[in-house]
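Student: Dropping the structure in here first, questions after.
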Amino acid sequence: MGELLNVSDAEPNDVHSGEEEQPVPAEESSAGKASVSSGKDARSLKKIVMVLGALCVILAGASAVKLFGGTSNASPAAPAEHGAEAETPASKGTSPAQASTAHKKKQRGGNYFLASRGAKASGCDRPETMIDGNSTEYDGNNGYSSYDMNNKQLQGCVVTLPKPVEISRIRFLLWDKDERSYTYQAFVSPDGKTWKMIEDASKKECKSWQDIHFNPQPVQAVRIKGLTSTANSYLHIVEIEGYDDGPVIPLRKAPKDGALPAVADLHPGLWAEYYDDIEGYPTIEDKPLLERPETKFDFGSMPPPQAPGQGLKGWPMGGSCAAIFSGYLKIDKQDLYTFFLVSDDGSKLYIDGELLIDNDGMHGMTELWGQLDLSPGLHRVWMCYFNAGGPMGLQLHYKPKADDRKAIPPEMVFHNPAEKRRP
Ligand SMILES: [Ca+2]
Ligand SMILES: [Ca+2]
């Protein structure tokens with residue numbers, strides 16, 4: 001209950017007891033966090049992936065206080081603002097939907113879903129707040145639209161354009177000043193009458209920004225139909241945006257496990273490809289700014305960089321960036337190995353061509369782990385990472401069954417210089 005108080009405290013000037021229905025903090029629940037792993041647990045007996053994180057974070061102790069206690073010019077939850085408090089675990093969640101489609105954004109023509117460009121919003125209370133171009137100023141009382149999902153006559157929050165526009169991505173901000181999560185379905189319409197579902201997030205725990213990509217098509221209206229909230233029966237949306245990003249460019253993929261190289265052909269370190277100025281995982285069209293062997297994967301975490309080049313321990317860049325690490329793990333002894341992948345924002349770890357840890361999405365330092373029984377010899381490893389902005393961090397640790405957890409040692413990682421890495 002303290003949190004609601006703090007939410008108001010964050011923006012004292014805006015506090016007025018409106019008669020509007022107010023978001024109420026979710027009950028103490030870690031459902032949103034746990035859900036990140038639930039799908040994977042079901043998929044594989046070999047892999048046990050759990051969220052320890054969102055909890056074990058750089059800002060862990062401070063999150064509640066810092067996020068809501070607020071400094072005077074704190075701009076909460078502004079993905080483009082890269083504010084220090086924009087990505088605390090408490091403020092940033094993600095859905096698998098958002099994550100799996102993250103890719104370089106082109107944003108041709110900018111955001112079409114603005115009142116200033118003739119868009120109209122409906123279907124909820126204070127619909128104008130969804131298209132005012134303001135996704136940073138909102139609190140427990142103001143700056144969001146809402147509707148009661150229990151009212152079956154309401155079909156969701158709708159934004160309608162003056163005429164159809166080619167659109168390939170919508171993103172919207174679910175009210176995220178506490179730990180609540182939502183489920184929803186998103187639809188687009190070429191004429192405002194017939195609707196096509198572009199995202200079924202009815203079984204996902206969705207928080208904060210939702211980023212949905214689809215094949216470019218004429219769109220005159222978008223509708224976000226809320227299904228559930230972990231807090232109450234209301235859907236709250238701060239802002240809806242729509243873009244023409246052009247065709248979806250495929251992301252780089254982990255190579256399927258193939259023939260292993262001869263140990264004699266290997267060189268120390270995983271091959272690291274660093275990509276600058278992209279906000280998602282590298283696509284097949286992105287070109288790395290820097291490539292080099294990398295023997296340490298313990299970059300730690302850091303607040304937003306003050307200047308280009310100010311990085312983590314050994315990390316070569318700052319701000320929006322991405323990386324792919326590929327090569328081989330050399331295992332000396334058969335054992336059950338636990339891998340820990342900690343990142344801000346998203347990361348994924350593949351071993352032997354299989355996704356072992358999916359730490360995807362935009363979030364603060366979040367740790368996931370996975371276990372694998374590995375035989376002696378070489379095992380293909382592939383890890384991708386991105387930071388959409390703001391604080392960043394990456395760590396890969398491992399633990400043999402009867403040993404301590406430690407950073408991956410340099411003598412365990414190799415790459416084959418002859419290997420072709422990009423399409
Ligand atoms: Ca708004
Ligand atoms: Ca970040």
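Convention: chains lettered A, B, ... in structure tokens order; per-chain residue numbering from 1; ligands numbered from 1 as shown.
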Name the residues, by chain letter and number, that sit within 6 Å of ligand 2 using only C-alpha atoms and all ligand atoms, and give them as a list of chain:residue names.

Tutor: A:Asp344, A:Asp345, A:Asn387, A:Ala388, A:Gly389, A:Gly390, A:Pro391, A:Met392

Student: Let's have the selection written as an mmCIF file, in the first residue's frame, with N, CA and C atoms.

Tutor:
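File written: selection.cif
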```
data_model
loop_
_atom_site.group_PDB
_atom_site.id
_atom_site.type_symbol
_atom_site.label_atom_id
_atom_site.label_comp_id
_atom_site.auth_asym_id
_atom_site.auth_seq_id
_atom_site.Cartn_x
_atom_site.Cartn_y
_atom_site.Cartn_z
ATOM 1 N N ASP A 344 20.872 -6.082 -18.996
ATOM 2 C CA ASP A 344 20.036 -4.887 -19.162
ATOM 3 C C ASP A 344 20.442 -4.310 -20.517
ATOM 4 N N ASP A 345 19.681 -4.438 -21.595
ATOM 5 C CA ASP A 345 18.324 -4.977 -21.611
ATOM 6 C C ASP A 345 18.363 -6.488 -21.905
ATOM 7 N N ASN A 387 21.007 -3.326 -25.858
ATOM 8 C CA ASN A 387 20.584 -2.300 -24.913
ATOM 9 C C ASN A 387 19.829 -1.244 -25.702
ATOM 10 N N ALA A 388 18.540 -1.107 -25.400
ATOM 11 C CA ALA A 388 17.735 -0.129 -26.140
ATOM 12 C C ALA A 388 18.052 1.295 -25.708
ATOM 13 N N GLY A 389 18.694 1.447 -24.575
ATOM 14 C CA GLY A 389 19.013 2.778 -24.082
ATOM 15 C C GLY A 389 19.100 2.740 -22.569
ATOM 16 N N GLY A 390 19.472 3.846 -21.999
ATOM 17 C CA GLY A 390 19.541 3.930 -20.547
ATOM 18 C C GLY A 390 20.636 3.045 -19.981
ATOM 19 N N PRO A 391 20.455 2.601 -18.747
ATOM 20 C CA PRO A 391 21.471 1.743 -18.132
ATOM 21 C C PRO A 391 21.673 0.479 -18.962
ATOM 22 N N MET A 392 22.832 -0.114 -18.817
ATOM 23 C CA MET A 392 23.102 -1.338 -19.568
ATOM 24 C C MET A 392 23.991 -2.264 -18.745
#
```

Student: May I ask you to write as an NGL selection string all residues lying at most 9 Å from ligand 1, with only C-alpha atoms and all ligand atoms counted?

Tutor: :A and (128-138 or 143-145 or 173 or 237-240)

Student: Within 12 Å of Ala418 (chain A), counting only C-alpha atoms, which residues show up once you throw out same-chain ones fewer than 3 positions away? Write them as a list of chain:residue names, please.

Tutor: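 Residues meeting the cut-off are A:Pro261, A:Ala262, A:Asp265, A:Leu266, A:His267, A:Trp271, A:Gly327, A:His415, A:Arg421.
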
Student: Quick one: write out the picked residues with N, CA and C atoms as a PDB file, in the first residue's frame?

Tutor:
```pdb
ATOM      1  N   PRO A 261      34.595 -27.882 -35.286  1.00  0.00           N
ATOM      2  CA  PRO A 261      35.933 -27.704 -35.857  1.00  0.00           C
ATOM      3  C   PRO A 261      36.974 -28.526 -35.090  1.00  0.00           C
ATOM      4  N   ALA A 262      38.128 -28.671 -35.689  1.00  0.00           N
ATOM      5  CA  ALA A 262      39.241 -29.309 -34.978  1.00  0.00           C
ATOM      6  C   ALA A 262      39.763 -28.333 -33.932  1.00  0.00           C
ATOM      7  N   ASP A 265      42.239 -25.751 -34.897  1.00  0.00           N
ATOM      8  CA  ASP A 265      41.843 -24.588 -35.696  1.00  0.00           C
ATOM      9  C   ASP A 265      41.301 -23.440 -34.840  1.00  0.00           C
ATOM     10  N   LEU A 266      41.164 -23.675 -33.577  1.00  0.00           N
ATOM     11  CA  LEU A 266      40.504 -22.681 -32.733  1.00  0.00           C
ATOM     12  C   LEU A 266      41.478 -21.646 -32.176  1.00  0.00           C
ATOM     13  N   HIS A 267      40.946 -20.455 -31.987  1.00  0.00           N
ATOM     14  CA  HIS A 267      41.697 -19.370 -31.365  1.00  0.00           C
ATOM     15  C   HIS A 267      40.990 -18.956 -30.081  1.00  0.00           C
ATOM     16  N   TRP A 271      34.074 -14.971 -30.630  1.00  0.00           N
ATOM     17  CA  TRP A 271      34.129 -13.873 -31.579  1.00  0.00           C
ATOM     18  C   TRP A 271      33.019 -12.893 -31.242  1.00  0.00           C
ATOM     19  N   GLY A 327      31.073 -18.866 -30.844  1.00  0.00           N
ATOM     20  CA  GLY A 327      32.258 -19.710 -30.773  1.00  0.00           C
ATOM     21  C   GLY A 327      31.960 -21.010 -30.070  1.00  0.00           C
ATOM     22  N   HIS A 415      37.049 -19.517 -30.654  1.00  0.00           N
ATOM     23  CA  HIS A 415      36.328 -19.297 -31.908  1.00  0.00           C
ATOM     24  C   HIS A 415      37.168 -19.838 -33.050  1.00  0.00           C
ATOM     25  N   ARG A 421      30.266 -15.886 -40.362  1.00  0.00           N
ATOM     26  CA  ARG A 421      29.333 -15.544 -39.286  1.00  0.00           C
ATOM     27  C   ARG A 421      28.100 -14.796 -39.755  1.00  0.00           C
TER      28      ARG A 421
END
```

Student: Give me, please, the distance in Å between CA of Phe325 (chain A) and CA of Gly370 (chain A), quoted to one decimal.

Tutor: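 Between these atoms lies a distance of 17.9 Å.
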
Student: Which residues come within 12 Å of Ile324 (chain A), counting only C-alpha atoms, excluding same-chain residues fewer than 2 positions away, as a PyMOL selection string?

Tutor: chain A and resi 251-255+270-276+280-284+286-294+297+321-322+326-327+346-350+381-386+394+421-422

Student: State, in Å with one decimal place, the distance from CA of Ile224 (chain A) to CA of Cys157 (chain A).

Tutor: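 Rounded to one decimal, the two atoms are 5.1 Å apart.
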